[in-house]
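A.B. asks: Here's a structure for you.
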Amino acid sequence: MQTVNSLLKMCGLPRLEARMLLEFVLKQPRSWLLAHDTDPLSSETVASFLNLAALRRQGHPMAYLVGQREFRGHALKVTPDVLIPRPDTELLVDVSLAAIRQVGARSLLDLGTGSGAIAIAIALACPGIQVMATDVSAKAIAVAQHNAQSLGATIQWWEGSWYEALPSEGRFDVIVSNPPYIASNDFHLSQGDLRYEPRQALTDEADGLGAIRQIVTGARAHLTDNGQIWLEHGFDQAHAVQELLLQQGFNAVQTHKDLAGQPRVTGGSL
Ligand SMILES: C[S@@+](CC[C@H](N)C(=O)[O-])C[C@H]1O[C@@H](n2cnc3c(N)ncnc32)[C@H](O)[C@@H]1O
């Protein structure tokens, strides 16, 4: 007969991950596991847990196994149809909120919304502004809509490729995006969680700057006067993104560094 303790020990996973999976299977918090560590577990519970533990040992991301990831304190549903939101992307949200204040923005567009992480965090922080979000993946939009509804965020969603998704010639005070920016030959694509995430969320199937080029090139036609654009990118792409923005006539072009000191968010103003 397996108990909480014996199962956690024998599953071959780091204790923290094993606990998270068992909490998920039992639908109980950590405090329950601690208080019931010698309780016998049902055979169904043991089988479900061992199934998830085996997937985890193969490398499946924890977020997909438990179906959830926290982003800026919001619990988001995640499925293999969406990128797992990264803590790094909180920098883009911080920069976007500063841009909203600076411009006195009334509208914001999030291109390539995935789970809706960025759009939802912004809509909840700024309930007075109109937030629109797009994605080329209908399945991603469905996940984002579910997240917005369960968190009480009001967002308009549009499916399609970058600006083509938008219904009309509307303009926005701020445009933000965390687009796919990994080059197609980058070895990271075959490592860790990235192996299980949607490929179109990760790479442009080219040099990593293809999506950013399209977004920057189309930005002027979709921004209001003095509007701002902010993009997340790879640690080694800041210079290229700055050049693209300058070529399109953006002013006050600058790059923000993440907590690790890496240049990860670049943008500018019309
Ligand atoms: C890096 S993920 C970002 C997801 C989410 N914004 C986040 O930060 O967690 C890039 C997203 O862009 C979407 N995408 C890829 N190509 C696109 C296109 N041509 N038009 C619109 N969205 C696209 C992907 O489906 C994916 O959801």
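The way I read the labels, and the way they are meant: chains A, B, ... in the order of the structure tokens, residue 1 as the first residue of every chain, and ligand 1 as the first ligand shown, with later ones counted on from there.
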Using only C-alpha atoms and all ligand atoms, which residues of the polymer chains come no farther than 7 Å from ligand 1? I'd like the answer as a ChimeraX atom specification.
C.D. replies: /A:82-86,89,111-118,134-137,140,160-162,177-180,200-202,211
A.B. asks: Find the residues near A:Leu41: any atom within 8 Å, counting only C-alpha atoms, skip ones fewer than 4 places away on the same chain, and give them as a ChimeraX atom specification.
C.D. replies: /A:1-4,45-46
A.B. asks: Take the residues from that selection and put them in a file with C-alpha atoms, as a compact mmCIF listing (two decimals), in the first residue's frame.
C.D. replies:
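This went into part.txt:
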# COMPACT_ATOMS: atom_id res chain seq x y z
CA MET A 1 0.00 0.00 0.00
CA GLN A 2 1.51 3.36 -1.05
CA THR A 3 1.39 6.35 1.28
CA VAL A 4 2.04 10.02 0.41
CA THR A 45 -4.52 8.05 -7.15
CA VAL A 46 -1.30 6.04 -7.31
A.B. asks: Calculated over only C-alpha atoms, which of the candidates A:Gly170, A:Gly128, A:Pro263, A:Pro14 has the smallest distance to A:Ala221?
C.D. replies: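 Going through A:Gly170, A:Gly128, A:Pro263, A:Pro14 one by one, the smallest distance to A:Ala221 is for A:Gly170.
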A.B. asks: I'd like the contact shell of A:Glu205 - 9 Å cut-off, only C-alpha atoms, skipping same-chain residues fewer than 6 positions apart - returned as a list in words.
C.D. replies: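 Near neighbours after the sequence-gap exclusion: Ile182, Ala183, Ser184, Asn185 and Arg199 of chain A.
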A.B. asks: Quick one: of A:Pro40, A:Gly12, A:Gly67, A:Gly59, who's nearest to A:Asn147, counting only C-alpha atoms?
C.D. replies: A:Gly67
